[in-house]
Each structure stands twice: as structure tokens, then as C-alpha cells.
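K.L.:
What follows is a structure written as C-alpha cells; I'll ask about it next.
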Amino acid sequence: MGKYVIKRLCMALVTIFFVTCLTFLLMNAVPGSPWLSEKTPSEATLAALNAKYGLDQPVPVQLLKYLQNLLHGDFGVSLKMQKNRDVLSIILEMFPVSAKVGAIALCWAVLVGVPLGCLAAFKRGRLTDSFLRVVCTLGISMPSFVVASILLVVFAGGIQALKIFPTLFDPSQGWKTYVLPCFALGFYPMCYTARQTRSAMLDSLNQEYIKTARAKGLKNGRIIFKHALRNALIPVITYLGPQVAFTLCGGFVVESVFSIPGLGRYFVQSIQNRDYPVIMGTTIFLASFIILMNMAVDILYKIADPRINLTKGGE
Amino acid sequence: MSEQKPKLLEVKDLKVSFFTPAGEVKAVGGISYDLDYGEVMGVVGESGSGKSQEAYAIMGLLQQPGKVIGGSITFEGEDVLHFSKEQMTSFRGSRVAMIFQNPMTCLNPVYTIGNQLVEALRAHDKSISAEDARKRAMEMMEMVGINNVEKRMKQYPHEFSGGMRQRVMIAMGLICHPQLLIADEPTTALDVTIQAQILELMKDLQKKTGMGIIFITHNLGVVADICDKVSVMYAGRIVEQGPVDDIFYHAAHPYTLGLLRSMPRVDAESYERLIPIEGTPVDMLNPPEGCPFAPRCEHCMKICLKKMPPYVEVGEKHRSACWLRVQERLNREESADE
């Protein structure tokens with residue numbers, strides 16, 4: 001197991017290296033520069049700024065320099081959005097906000113989605129199942145800004161009695177402020193989890209070991225939650241791994257709608273502003289997080305399914 | 001008569017139907033038999049003859065859209081078909097156990113063997129301590145011939161071979177001392193040598209525990225080896241029923257004869273060929289009128305295509321549903337009258 005983790009970590013470093021290079025090159029291939037705004041600065045100012053931040057050098061040289069700094073844990077400083085502030089400290093400030101909203105969203109998505117999936121599978125073909133299927137299909141096909149907009153219309157619309165939750169993010173209001181963004185952010189994963197759990201449950205309920213369990217005289221609850229669910233969780237874990245990373249790093253749309261000062265929103269703004277070090281920093285951070293989550297998923301597999309042998313390359 | 005101790009299992013005119021979108025399929029069309037304590041009955045028939053469904057009906061394990069639509073199942077004098085849900089749950093596994101065809105897929109891959117064995121025991125004996133249950137599970141594993149029990153208990157199903165898994169299934173079935181074991185083709189998925197070992201084990205355990213066994217198979221050789229009596233099923237009906245020797249040496253139904261002829265024999269001359277039963281099994285959605293076997297039967301008469309034959313006693317406890325036997329009987333009675 002230890003050997004496996006070390007091997008995976010080495011592979012992760014290689015992946016991050018490639019992600020870094022690719023992003024750097026792509027970023028520079030996009031026209032525009034951080035210094036463009038309504039009033040374009042003079043030629044001399046531009047040249048001075050470029051020289052100060054090293055943007056006047058050829059791209060490969062910049063890349064090498066960046067990699068070198070990265071090895072020392074230096075992510076550079078923001079060029080535009082929070083001028084001259086260290087990128088790492090920006091990320092570390094933004095991430096907890098996103099992570100908190102994301103974690104709550106994911107928690108409710110899983111805690112509601114998995115049982116709903118079980119229920120739908122158990123009531124297959126009945127009204128409950130049909131209803132849940134409609135809801136889940138809606139949730140999966142609706143982009144999160146639609147969900148967020150519906151929430152806004154309902155809770156910030158004309159009806160006074162419904163204005164219970166604040167629609168602008170404000171941590172000083174306590175838990176109430178988290179309700180709408182977390183619902184909007186978690187709705188898609190919830191529906192997806194429920195649907196995946198349903199199909200995996202149907203599959204595992206048809207397995208012969210379920211027949212054995214029934215023949216043993218076990219009660220329904222035990223058959224579903226002990227024998228069927230554990231087997232059904234494997235595909236659900238697969239989906240949840242990367243989803244954890246994405247949700248925790250912030251849903252851009254939801255963060256924009258509710259004005260949450262989170263990483264997701266900041267990431268997109270940094271691209272719009274061509275704030276190169278911030279783009280690089282957030283990309284690397286997100287990439288590392290996804291890689292880490294995928295690794296966690298593989299290890300969770302091993303726990304959920306003893307047949308999986310990690311040391312043999314997972315075949 | 002009424003003072004008599006009830007039999008272990010009495011099945012009377014059991015009917016099981018599947019209500020499919022295409023129509024009703026009469027998987028089991030009225031079968032009757034009884035089984036005494038410690039008796040081993042073979043149920044023989046080809047795929048789709050209803051032999052497994054009949055067993056599932058006893059266990060209350062019929063899958064949707066299957067339903068028992070008639071008849072009765074009496075276990076030790078109790079009416080199984082009218083058990084409540086809770087009664088049925090506690091009946092399964094503790095008084096009747098069932099083992100299945102494919103041991104490779106019948107054990108849950110994500111739990112250890114020990115966990116699954118202990119679970120079977122604790123489902124019915126709530127008061128037993130975890131430690132005692134574990135001991136009992138280990139005893140059972142030893143009883144079915146598994147070595148190195150301590151280690152094996154902690155292993156997962158994929159670490160067991162097919163034959164070993166079937167042994168585990170048997171141990172799991174017998175852990176609560178059921179009076180009846182239903183074995184649904186327990187050796188079909190195994191190698192021939194392993195088959196023999198499993199059969200030997202089951203015979204041995206039957207003697208030790210004195211339980212009754214319903215042995216569902218399509219292999220007549222297995223039947224001869226282990227069973228006291230045999231029911232031959234065709235298209236959801238028992239076409240012939242009797243003690244194992246009578247079935248083998250005085251088969252009274254053309255289908256049974258056909259089965260016997262299609263089976264290789266050790267004492268056969270080398271040039272003898274196996275004779276298959278011509279034709280295909282009945283379409284259960286639209287069963288023919290009269291005897292279901294008639295379209296494939298070489299002795300088919302006019303009446304066979306019109307009316308279902310009644311059972312005729314052809315020996316002690318040996319009966320057969322065939323118009324040939326009815327005719328024989330009538331001829332004999334006529335000649336006796338003269």
C-alpha cells in the first residue's frame with residue numbers, strides 16, 4: 001500500500017508538470033495582456049511593466065523561470081487583480097470559502113442522493129421511481145445558473161414571506177446565507193448520484209448473492225443496505241472523486257450568482273484579466289486537488305471492494 | 001389417518017404462473033408430491049420445466065412477475081403459503097435452506113466468508129454471542145471439509161475455488177440445522193471431479209443430520225447416486241414419480257425413457273449411440289392441448305393431443321401420466337373381466 005501511494009505520488013508530479021507547461025503555453029497563445037484596460041497605457045509604461053514582471057522575455061524562458069520558482073514554492077504575484085499580492089496567499093484565502101460551500105453542497109448531495117437512489121431502485125417501476133426519475137433528469141439537464149435563477153426568483157421575488165434566506169453571500173448572517181448557494185451547487189451532484197445509485201442498485205439487486213441473502217432469511221433492510229448497497233457504491237465513488245475536487249474548488253456560476261468570494265469565480269476572472277500568475281496558480285491547485293481526489297477514490301475502491309488489487313496496477 | 005404425524009413437506013396441486021406482458025406463463029401447472037423426514041427426492045427435467053420455480057415457491061422467493069396461483073404447500077403441518085412476511089423471513093434459512101447453481105456468483109464478493117456465515121446464523125439466533133457464532137461457523141466449515149478454517153474465515157469469496165465456494169454455500173445453508181435443504185443444481189457449474197466430491201459431501205451430511213433434501217438437477221446420474229425417489233418434470237408438470245430404482249429400471253413415461261436413453265452409461269456397448277429426444281421444449285406461453293410431451297413423443301396417439309393424461313399407478317408409489325399406461329391398464333382390466 002505504501003509503495004503504491006509513493007508510485008502514485010510520483011506519477012502525480014509528472015502530471016502536474018505537464019499540466020503546468022500546457023497551461024503556460026496555452027495561456028500565452030491567447031491574445032491580450034494584463035495591462036489592457038479602458039485607457040491603454042503608453043508604450044513606455046508597457047515596456048517598463050513587461051520588463052518588471054519578466055514578460056518581455058521569450059515564452060520558453062518565462063516557463064523555465066516559472067518552473068524554477070515553483071520548485072521553491074513560489075507561485076509569483078498577481079499582476080492585476082490584487083496587484084503584487086502573493087498568489088499562494090490569495091488561493092489560501094479564497095479556497096476555504098469555496099470549500100465550505102462546496103463541502104456542504106456535496107454532503108447534502110450524497111446524503112440525499114444515495115438514499116433516494118436506493119428508494120428508486122427498490123420501488124422500481126412505481127410512482128415514486130417515476131417521480132424521482134423526472135426530478136433527477138431535470139437536475140442533470142439543468143445548468144446550475146438555471147437552478148440558481150429559479151432559487152432567486154422564488155426566494156427573492158415578490159413574495160415577502162419567502163424572503164427568509166439572503167441571496168447575497170454574507171458570512172456574518174450565519175448558516176442562512178449558505179442555504180441557497182449550497183442547494184444550487186449540490187442539486188446537480190445530488191441528482192447524478194441518485195441516478196447512478198439507482199442503476200447500480202438495480203444491477204446489484206439482480207445479482208445472485210441477493211438471492212442467497214434472501215434465502216438465508218435476512219430482512220429486507222439488511223439485504224438492501226448491507227448486501228446491495230456496498231456493491232452499488234463502487235460506481236458512485238468513481239463519480240464522486242473528481243466531483244469533490246470540482247465542487248470544493250468552487251462552482252463558478254453559483255459563486256457569481258450569489259457573489260461568493262470563492263476560488264471558482266476568481267479563477268474565471270483571472271482568465272478574463274489575463275492575470276497570468278493567478279491563472280497558473282489556480283490551475284495547478286485545481287489539478288493537484290483532482291489528482292489527489294482520484295487517488296483517494298482508488299484507495300476507497302480497495303476498501304469497498306476487496307477484489308481490487310492496487311499493487312498490480314489495478315487490473 | 002388424522003392422528004398421523006404430518007410429513008416434512010407436502011405439496012398439493014401447486015400452480016405457479018408468470019404474468020408477463022405477452023401473457024400468462026404457467027411455469028408450474030399443478031404438481032403434488034410429499035417428502036418425509038430424511039428423504040431425498042430428485043427433481044429432474046430440462047431447462048424451463050419449472051423445477052426451479054417450484055422450489056422458489058416453497059422458499060417464497062419467486063421473482064416478479066411470478067406468483068403462486070393455486071394449491072398448497074404444507075411444511076410440518078404448517079401452511080407455508082399463508083405465512084406472514086415475518087414468518088416467511090424466519091422460515092427461510094432456519095427450517096429450509098437453499099443452495100444454488102452457481103457458487104461463483106452466490107456469495108457476496110465484498111464480505112468475508114466468516115462474515116457471511118455468521119450472518120446466516122445470527123439472522124435466526126439473535127441471542128447467540130459473536131464469539132459463539134464464530135465458533136459455530138468454523139465448526140460448519142470444518143464439517144464441509146474446509147481446512148485451515150481460522151485463515152479461511154477471514155478470506156473473501158474470490159480467494160476460494162468453485163468447489164470450495166459450494167462447500168461454503170452448503171455450510172451456510174446448514175448452519176441453522178434446517179430440516180429441509182433445497183439444492184438447485186448444486187453441481188452443474190462445477191468440474192466433474194469436484195461434482196463427485198460435493199455429492200459425496202451432501203450424502204454424508206444428509207446421513208449425519210437426517211435432513212430431507214430436494215435435489216433439483218437435469219443430470220440423471222446424480223439422481224441415481226443420491227436420491228431415494230424421483231419426480232420427472234416436463235412443461236410444469238410431474239410426468240412420472242416414483243422410487244429411484246423403479247424410475248431407472250421400469251420407467252413408465254416416454255419422456256423418462258428418452259432422458260435415460262440420452263444419458264451415457266458405463267455398461268453400454270461401445271457402438272451404442274446416445275439417442276437424443278427429438279424436437280424442442282414446449283412454448284410455455286402457448287402450451288399445446290393434451291399431453292405437453294405429445295408433439296415430441298414417438299408413441300403419440302390421437303388422444304394424447306386432445307386430453308391431458310391422468311396419473312396411473314404403475315407400481316408401488318410409482319405413478320406416471322401417460323395415455324399408454326392408461327390403455328395398458330384398461331386392457332388388463334378387460335382381460336381380467338373375461
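Chain labels A, B, ... are given in the sequence in which chains occur in the C-alpha cells; within each chain residues are numbered consecutively from 1, and ligands are likewise numbered from 1 in the order shown.
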As a CSV table (one decimal) with N, CA and C atoms, in the first residue's frame, please: all residues of stretch 234-332 of chain B that backbone DSSP puts in strand (DSSP E).
P.N.:
```csv
chain,number,residue,atom,x,y,z
B,234,TYR,N,-41.9,-32.2,-16.7
B,234,TYR,CA,-41.9,-31.7,-18.1
B,234,TYR,C,-43.0,-30.7,-18.3
B,237,ARG,N,-45.2,-29.9,-15.2
B,237,ARG,CA,-46.0,-31.0,-14.6
B,237,ARG,C,-45.0,-32.1,-14.3
B,238,ILE,N,-45.4,-32.9,-13.2
B,238,ILE,CA,-44.7,-34.1,-13.0
B,238,ILE,C,-45.2,-35.2,-13.8
B,239,VAL,N,-44.4,-35.7,-14.8
B,239,VAL,CA,-45.0,-36.7,-15.7
B,239,VAL,C,-44.8,-38.1,-15.1
B,240,GLU,N,-43.8,-38.2,-14.2
B,240,GLU,CA,-43.6,-39.6,-13.6
B,240,GLU,C,-42.9,-39.4,-12.3
B,241,GLN,N,-43.3,-40.2,-11.4
B,241,GLN,CA,-42.8,-40.0,-10.0
B,241,GLN,C,-42.7,-41.4,-9.4
B,242,GLY,N,-41.6,-41.7,-8.7
B,242,GLY,CA,-41.5,-43.0,-8.0
B,242,GLY,C,-40.2,-43.2,-7.4
B,243,PRO,N,-40.0,-44.4,-6.8
B,243,PRO,CA,-38.7,-44.7,-6.1
B,243,PRO,C,-37.6,-44.7,-7.2
B,311,TYR,N,-53.0,-39.6,-13.9
B,311,TYR,CA,-51.9,-40.4,-13.3
B,311,TYR,C,-52.4,-41.8,-13.2
B,312,VAL,N,-51.5,-42.8,-13.5
B,312,VAL,CA,-51.8,-44.2,-13.3
B,312,VAL,C,-50.7,-44.8,-12.4
B,313,GLU,N,-51.2,-45.5,-11.4
B,313,GLU,CA,-50.2,-46.2,-10.6
B,313,GLU,C,-49.6,-47.4,-11.3
B,314,VAL,N,-48.3,-47.3,-11.6
B,314,VAL,CA,-47.7,-48.4,-12.3
B,314,VAL,C,-46.9,-49.3,-11.4
B,315,GLY,N,-46.8,-49.0,-10.1
B,315,GLY,CA,-46.1,-49.8,-9.2
B,315,GLY,C,-46.3,-49.2,-7.8
B,318,HIS,N,-45.4,-45.5,-7.4
B,318,HIS,CA,-44.8,-45.2,-8.7
B,318,HIS,C,-45.9,-44.9,-9.7
B,319,ARG,N,-46.0,-43.6,-10.1
B,319,ARG,CA,-47.1,-43.3,-11.0
B,319,ARG,C,-46.6,-42.5,-12.2
B,320,SER,N,-47.4,-42.5,-13.2
B,320,SER,CA,-47.0,-41.9,-14.4
B,320,SER,C,-48.2,-41.3,-15.1
B,321,ALA,N,-48.0,-40.2,-15.8
B,321,ALA,CA,-49.1,-39.6,-16.5
B,321,ALA,C,-48.9,-39.8,-18.0
```
K.L.:
Please, which residues in chain A fall within 8 Å of chain B when counting only C-alpha atoms, and what is the closest atom pair and distance in Å to one decimal for each, ordered by chain then residue number, as CSV?
P.N.:
```
residue,atom,partner,partner_atom,distance
A:Gln207,CA,B:Thr105,CA,7.4
A:Glu208,CA,B:Cys106,CA,4.9
A:Tyr209,CA,B:Cys106,CA,4.2
A:Ile210,CA,B:Cys106,CA,7.7
A:Lys211,CA,B:Cys106,CA,7.6
A:Thr212,CA,B:Cys106,CA,6.0
A:Arg214,CA,B:Leu61,CA,7.6
A:Ala215,CA,B:Arg92,CA,5.7
A:Lys216,CA,B:Gly93,CA,4.2
A:Gly217,CA,B:Arg92,CA,4.6
A:Leu218,CA,B:Ala123,CA,6.0
A:Lys219,CA,B:Thr89,CA,6.7
A:His227,CA,B:Asn108,CA,6.9
A:Arg230,CA,B:Val110,CA,7.5
A:Asn231,CA,B:Val110,CA,7.1
A:Ala304,CA,B:Val110,CA,7.0
A:Asp305,CA,B:Val110,CA,5.3
A:Pro306,CA,B:Val110,CA,5.9
A:Arg307,CA,B:His158,CA,6.8
```
K.L.:
For N, CA and C atoms, I'd like the residues from the last selection saved as a PDB file, in the first residue's frame.
P.N.:
```pdb
ATOM      1  N   GLN A 207     -28.222  -9.487  -8.627  1.00  0.00           N
ATOM      2  CA  GLN A 207     -27.144 -10.458  -8.513  1.00  0.00           C
ATOM      3  C   GLN A 207     -27.601 -11.657  -7.685  1.00  0.00           C
ATOM      4  N   GLU A 208     -26.888 -12.757  -7.912  1.00  0.00           N
ATOM      5  CA  GLU A 208     -27.285 -13.985  -7.234  1.00  0.00           C
ATOM      6  C   GLU A 208     -27.070 -13.923  -5.728  1.00  0.00           C
ATOM      7  N   TYR A 209     -26.065 -13.143  -5.286  1.00  0.00           N
ATOM      8  CA  TYR A 209     -25.841 -13.122  -3.838  1.00  0.00           C
ATOM      9  C   TYR A 209     -27.000 -12.489  -3.102  1.00  0.00           C
ATOM     10  N   ILE A 210     -27.816 -11.708  -3.805  1.00  0.00           N
ATOM     11  CA  ILE A 210     -29.007 -11.166  -3.168  1.00  0.00           C
ATOM     12  C   ILE A 210     -30.015 -12.306  -2.942  1.00  0.00           C
ATOM     13  N   LYS A 211     -30.076 -13.204  -3.920  1.00  0.00           N
ATOM     14  CA  LYS A 211     -30.939 -14.379  -3.772  1.00  0.00           C
ATOM     15  C   LYS A 211     -30.474 -15.208  -2.565  1.00  0.00           C
ATOM     16  N   THR A 212     -29.151 -15.362  -2.481  1.00  0.00           N
ATOM     17  CA  THR A 212     -28.611 -16.100  -1.334  1.00  0.00           C
ATOM     18  C   THR A 212     -29.006 -15.422  -0.030  1.00  0.00           C
ATOM     19  N   ARG A 214     -31.495 -13.529   0.591  1.00  0.00           N
ATOM     20  CA  ARG A 214     -32.913 -13.733   0.888  1.00  0.00           C
ATOM     21  C   ARG A 214     -33.155 -15.161   1.367  1.00  0.00           C
ATOM     22  N   ALA A 215     -32.484 -16.103   0.728  1.00  0.00           N
ATOM     23  CA  ALA A 215     -32.665 -17.498   1.118  1.00  0.00           C
ATOM     24  C   ALA A 215     -32.168 -17.740   2.536  1.00  0.00           C
ATOM     25  N   LYS A 216     -31.215 -16.924   2.980  1.00  0.00           N
ATOM     26  CA  LYS A 216     -30.707 -17.049   4.349  1.00  0.00           C
ATOM     27  C   LYS A 216     -31.725 -16.561   5.357  1.00  0.00           C
ATOM     28  N   GLY A 217     -32.734 -15.853   4.891  1.00  0.00           N
ATOM     29  CA  GLY A 217     -33.742 -15.336   5.803  1.00  0.00           C
ATOM     30  C   GLY A 217     -33.382 -13.989   6.387  1.00  0.00           C
ATOM     31  N   LEU A 218     -32.617 -13.191   5.626  1.00  0.00           N
ATOM     32  CA  LEU A 218     -32.292 -11.863   6.122  1.00  0.00           C
ATOM     33  C   LEU A 218     -33.467 -10.927   5.858  1.00  0.00           C
ATOM     34  N   LYS A 219     -33.525  -9.875   6.664  1.00  0.00           N
ATOM     35  CA  LYS A 219     -34.600  -8.901   6.477  1.00  0.00           C
ATOM     36  C   LYS A 219     -34.263  -7.966   5.314  1.00  0.00           C
ATOM     37  N   HIS A 227     -26.005  -5.820   1.737  1.00  0.00           N
ATOM     38  CA  HIS A 227     -25.503  -6.608   0.610  1.00  0.00           C
ATOM     39  C   HIS A 227     -25.525  -5.871  -0.716  1.00  0.00           C
ATOM     40  N   ARG A 230     -23.395  -1.832  -0.673  1.00  0.00           N
ATOM     41  CA  ARG A 230     -21.933  -1.801  -0.684  1.00  0.00           C
ATOM     42  C   ARG A 230     -21.388  -2.076  -2.074  1.00  0.00           C
ATOM     43  N   ASN A 231     -22.024  -3.008  -2.781  1.00  0.00           N
ATOM     44  CA  ASN A 231     -21.588  -3.289  -4.143  1.00  0.00           C
ATOM     45  C   ASN A 231     -21.943  -2.159  -5.092  1.00  0.00           C
ATOM     46  N   ALA A 304     -13.860  -0.602  -0.451  1.00  0.00           N
ATOM     47  CA  ALA A 304     -15.218  -1.026  -0.785  1.00  0.00           C
ATOM     48  C   ALA A 304     -15.240  -2.399  -1.441  1.00  0.00           C
ATOM     49  N   ASP A 305     -14.233  -2.700  -2.222  1.00  0.00           N
ATOM     50  CA  ASP A 305     -14.237  -3.964  -2.950  1.00  0.00           C
ATOM     51  C   ASP A 305     -12.905  -4.687  -2.768  1.00  0.00           C
ATOM     52  N   PRO A 306     -12.893  -5.720  -1.945  1.00  0.00           N
ATOM     53  CA  PRO A 306     -11.638  -6.401  -1.638  1.00  0.00           C
ATOM     54  C   PRO A 306     -11.017  -7.116  -2.846  1.00  0.00           C
ATOM     55  N   ARG A 307     -11.784  -7.269  -3.925  1.00  0.00           N
ATOM     56  CA  ARG A 307     -11.212  -7.962  -5.083  1.00  0.00           C
ATOM     57  C   ARG A 307     -10.175  -7.099  -5.799  1.00  0.00           C
TER      58      ARG A 307
END
```
K.L.:
So how many Å separate atom CA of A:Leu92 and atom CA of A:Gln68, to one decimal?
P.N.:
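About the pair atom CA of A:Leu92 and atom CA of A:Gln68: they are 21.3 Å apart.
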K.L.:
In Å, rounded to a single decimal, give me how far atom CA of A:Ile299 is from atom CA of A:Phe246.
P.N.:
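It comes out at 19.2 Å.
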K.L.:
Between B:Cys297, B:Gly71, B:Ala27, B:Asn115, which one has atoms that come closest to B:Ser47, using only C-alpha atoms?
P.N.:
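Among the listed residues, B:Ala27 lies closest to B:Ser47.
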K.L.:
Do you have the atom CA of B:Lys151-atom CA of B:Ser129 distance handy?
P.N.:
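Between atom CA of B:Lys151 and atom CA of B:Ser129 the gap is 20.6 Å.
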K.L.:
Could you find all residues in stretch 33-213 of chain A that DSSP calls alpha helix (DSSP H) from the backbone, and write them as a PyMOL selection string?
P.N.:
chain A and resi 43-53+59-71+87-122+127-141+144-156+176-205+208-213
K.L.:
For the residues in that selection, give me C-alpha atoms as a tab-separated table (two decimals), in the first residue's frame.
P.N.:
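Full text of result_26.tsv as output:
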```tsv
chain	number	residue	atom	x	y	z
A	43	GLU	CA	4.33	52.37	-24.89
A	44	ALA	CA	6.98	53.27	-22.37
A	45	THR	CA	4.84	52.25	-19.40
A	46	LEU	CA	4.01	48.91	-21.06
A	47	ALA	CA	7.66	48.18	-21.75
A	48	ALA	CA	8.56	49.05	-18.19
A	49	LEU	CA	5.79	46.82	-16.76
A	50	ASN	CA	6.75	43.93	-19.05
A	51	ALA	CA	10.34	44.27	-18.02
A	52	LYS	CA	9.43	44.40	-14.35
A	53	TYR	CA	7.43	41.17	-14.43
A	59	VAL	CA	7.92	32.29	-23.57
A	60	PRO	CA	10.22	29.25	-23.03
A	61	VAL	CA	12.48	31.32	-20.83
A	62	GLN	CA	9.47	32.54	-18.84
A	63	LEU	CA	8.27	28.98	-18.45
A	64	LEU	CA	11.62	27.78	-17.18
A	65	LYS	CA	11.78	30.62	-14.75
A	66	TYR	CA	8.26	29.87	-13.56
A	67	LEU	CA	9.05	26.19	-13.04
A	68	GLN	CA	12.16	27.11	-11.15
A	69	ASN	CA	10.22	29.39	-8.84
A	70	LEU	CA	7.53	26.73	-8.46
A	71	LEU	CA	10.10	24.30	-7.15
A	87	VAL	CA	-0.75	34.19	-5.49
A	88	LEU	CA	-0.50	31.42	-2.94
A	89	SER	CA	-1.87	33.63	-0.21
A	90	ILE	CA	-4.77	34.63	-2.49
A	91	ILE	CA	-5.59	30.97	-3.14
A	92	LEU	CA	-5.34	30.12	0.53
A	93	GLU	CA	-7.72	32.93	1.32
A	94	MET	CA	-10.27	32.08	-1.37
A	95	PHE	CA	-10.22	28.33	-1.15
A	96	PRO	CA	-11.74	27.93	2.34
A	97	VAL	CA	-14.77	29.97	1.28
A	98	SER	CA	-15.35	27.78	-1.77
A	99	ALA	CA	-14.52	24.64	0.13
A	100	LYS	CA	-17.05	25.34	2.85
A	101	VAL	CA	-19.88	25.96	0.41
A	102	GLY	CA	-18.75	23.00	-1.71
A	103	ALA	CA	-18.43	20.62	1.23
A	104	ILE	CA	-21.92	21.43	2.48
A	105	ALA	CA	-23.30	21.08	-1.04
A	106	LEU	CA	-21.62	17.72	-1.56
A	107	CYS	CA	-22.64	16.43	1.83
A	108	TRP	CA	-26.30	17.01	1.18
A	109	ALA	CA	-25.92	15.74	-2.38
A	110	VAL	CA	-24.56	12.40	-1.15
A	111	LEU	CA	-26.67	12.09	1.97
A	112	VAL	CA	-29.84	12.68	-0.03
A	113	GLY	CA	-28.80	11.27	-3.39
A	114	VAL	CA	-27.71	7.82	-2.25
A	115	PRO	CA	-30.85	7.03	-0.20
A	116	LEU	CA	-33.07	8.42	-2.96
A	117	GLY	CA	-31.29	6.18	-5.44
A	118	CYS	CA	-31.87	3.17	-3.17
A	119	LEU	CA	-35.51	4.10	-2.79
A	120	ALA	CA	-35.98	4.45	-6.53
A	121	ALA	CA	-34.32	1.10	-7.16
A	122	PHE	CA	-36.42	-0.61	-4.53
A	127	LEU	CA	-44.84	6.08	-8.92
A	128	THR	CA	-42.02	7.00	-6.50
A	129	ASP	CA	-39.47	5.80	-9.00
A	130	SER	CA	-41.03	7.67	-11.91
A	131	PHE	CA	-41.23	10.85	-9.89
A	132	LEU	CA	-37.61	10.61	-8.79
A	133	ARG	CA	-36.54	9.88	-12.33
A	134	VAL	CA	-38.20	13.04	-13.60
A	135	VAL	CA	-36.59	15.13	-10.85
A	136	CYS	CA	-33.16	13.64	-11.47
A	137	THR	CA	-33.34	14.05	-15.22
A	138	LEU	CA	-34.34	17.66	-14.68
A	139	GLY	CA	-31.48	18.19	-12.26
A	140	ILE	CA	-28.94	16.69	-14.59
A	141	SER	CA	-30.09	18.58	-17.66
A	144	SER	CA	-26.67	25.38	-12.33
A	145	PHE	CA	-27.37	29.01	-13.26
A	146	VAL	CA	-30.93	27.97	-14.08
A	147	VAL	CA	-31.29	26.33	-10.67
A	148	ALA	CA	-29.72	29.39	-9.06
A	149	SER	CA	-32.01	31.73	-11.00
A	150	ILE	CA	-35.10	29.75	-10.02
A	151	LEU	CA	-34.00	29.96	-6.40
A	152	LEU	CA	-33.51	33.69	-6.73
A	153	VAL	CA	-36.93	34.17	-8.29
A	154	VAL	CA	-38.58	32.11	-5.58
A	155	PHE	CA	-36.72	33.43	-2.54
A	156	ALA	CA	-36.06	36.96	-3.64
A	176	LYS	CA	-28.80	31.05	6.45
A	177	THR	CA	-26.50	32.50	3.89
A	178	TYR	CA	-25.29	29.07	2.89
A	179	VAL	CA	-28.71	27.59	2.15
A	180	LEU	CA	-29.32	28.88	-1.37
A	181	PRO	CA	-25.81	28.58	-2.82
A	182	CYS	CA	-25.34	25.12	-1.33
A	183	PHE	CA	-28.66	23.96	-2.68
A	184	ALA	CA	-27.86	25.30	-6.14
A	185	LEU	CA	-24.38	23.83	-6.13
A	186	GLY	CA	-25.44	20.45	-4.77
A	187	PHE	CA	-28.51	19.88	-6.87
A	188	TYR	CA	-26.69	18.53	-9.90
A	189	PRO	CA	-24.41	16.14	-7.97
A	190	MET	CA	-27.41	15.03	-5.91
A	191	CYS	CA	-29.42	14.10	-9.00
A	192	TYR	CA	-26.44	12.48	-10.63
A	193	THR	CA	-25.63	10.47	-7.50
A	194	ALA	CA	-29.23	9.38	-7.14
A	195	ARG	CA	-29.40	8.23	-10.73
A	196	GLN	CA	-26.12	6.41	-10.54
A	197	THR	CA	-27.04	4.78	-7.25
A	198	ARG	CA	-30.36	3.68	-8.72
A	199	SER	CA	-28.84	1.94	-11.70
A	200	ALA	CA	-26.03	0.40	-9.66
A	201	MET	CA	-28.54	-0.78	-7.07
A	202	LEU	CA	-30.77	-2.34	-9.71
A	203	ASP	CA	-27.76	-4.13	-11.04
A	204	SER	CA	-26.65	-5.43	-7.68
A	205	LEU	CA	-30.18	-6.34	-6.55
A	208	GLU	CA	-27.28	-13.99	-7.23
A	209	TYR	CA	-25.84	-13.12	-3.84
A	210	ILE	CA	-29.01	-11.17	-3.17
A	211	LYS	CA	-30.94	-14.38	-3.77
A	212	THR	CA	-28.61	-16.10	-1.33
A	213	ALA	CA	-29.16	-13.36	1.22
```
K.L.:
Which neighbours of B:Met143 fall inside 10 Å, counting only C-alpha atoms, when residues of the same chain fewer than 6 positions from it are skipped, and could you give them as number ranges by chain?
P.N.:
B: 137, 167, 170-171, 201, 205
K.L.:
Can you spit out the residues from that selection as a CSV table (one decimal), in the first residue's frame, using C-alpha atoms?
P.N.:
```
chain,number,residue,atom,x,y,z
B,137,ALA,CA,-19.3,-21.1,11.7
B,167,ARG,CA,-18.9,-26.1,0.3
B,170,ILE,CA,-23.6,-25.8,2.0
B,171,ALA,CA,-22.1,-24.8,5.3
B,201,LEU,CA,-20.3,-34.5,0.9
B,205,LEU,CA,-24.1,-34.6,5.6
```
K.L.:
Extract, using only C-alpha atoms, all DNA, RNA and protein residues at most 9 Å from A:Gln243, discarding same-chain residues fewer than 2 positions from it, and format them as a list in words.
P.N.:
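Skipping anything fewer than 2 positions along the chain leaves Leu106, Pro189, Tyr239, Leu240, Gly241, Ala245, Phe246, Thr247, Leu248, Ile290 and Met293 of chain A.
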K.L.:
What's around B:Val168 at 8 Å? Count only C-alpha atoms, leave out sequence neighbours fewer than 5 positions away in its own chain, and write the answer as a list in words.
P.N.:
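Close residues of B:Val168: Ile113, Met141 and Val144 of chain B.
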K.L.:
Please list as a compact mmCIF listing (two decimals) with N, CA and C atoms, in the first residue's frame every residue within 7 Å of stretch 265-282 of chain B, counting only C-alpha atoms and excluding residues in the same chain fewer than 6 positions away.
P.N.:
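Wrote part_30.txt, looks like this:
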```txt
# COMPACT_ATOMS: atom_id res chain seq x y z
N ALA B 235 -42.60 -29.51 -18.76
CA ALA B 235 -43.52 -28.41 -19.01
C ALA B 235 -44.40 -28.09 -17.80
N GLY B 258 -36.80 -41.39 -22.68
CA GLY B 258 -35.97 -40.57 -23.55
C GLY B 258 -34.77 -40.00 -22.81
N PRO B 292 -48.38 -32.37 -22.82
CA PRO B 292 -47.40 -31.43 -23.36
C PRO B 292 -46.27 -32.12 -24.11
N ARG B 296 -43.52 -34.40 -29.17
CA ARG B 296 -42.17 -34.97 -29.30
C ARG B 296 -42.16 -36.48 -29.07
```
K.L.:
Of the residues B:Leu174, B:Ala294, B:Val149, B:Val25, which is the one nearest to B:Arg134, using only C-alpha atoms?
P.N.:
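Closest to B:Arg134 of all the choices is B:Val149.
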K.L.:
Name all residues at most 6 Å from stretch 30-40 of chain B (count only C-alpha atoms; drop same-chain ones fewer than 3 positions away) and give them as a short mmCIF file (atom, residue, chain, number, x, y, z; two decimals) with C-alpha atoms, in the first residue's frame.
P.N.:
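Contents of the output file part.cif:
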```cif
data_model
loop_
_atom_site.label_atom_id
_atom_site.label_comp_id
_atom_site.auth_asym_id
_atom_site.auth_seq_id
_atom_site.Cartn_x
_atom_site.Cartn_y
_atom_site.Cartn_z
CA LYS B 7 -44.95 -35.28 6.65
CA LEU B 8 -41.98 -32.92 6.39
CA LEU B 9 -43.29 -31.38 3.23
CA GLU B 10 -46.49 -31.88 1.33
CA VAL B 11 -47.11 -30.08 -1.91
CA LYS B 12 -50.60 -30.36 -3.36
CA ASP B 13 -51.63 -29.22 -6.81
CA LEU B 14 -49.15 -26.32 -6.71
CA LYS B 15 -49.58 -23.86 -9.55
CA GLY B 210 -31.04 -36.59 8.89
CA MET B 211 -32.40 -33.68 6.91
CA GLY B 212 -34.60 -34.02 3.86
CA ILE B 213 -33.22 -32.88 0.53
CA ILE B 214 -34.90 -31.80 -2.67
CA CYS B 227 -31.86 -39.83 -4.24
CA ASP B 228 -34.49 -42.11 -2.68
CA ARG B 237 -45.96 -30.99 -14.62
#
```
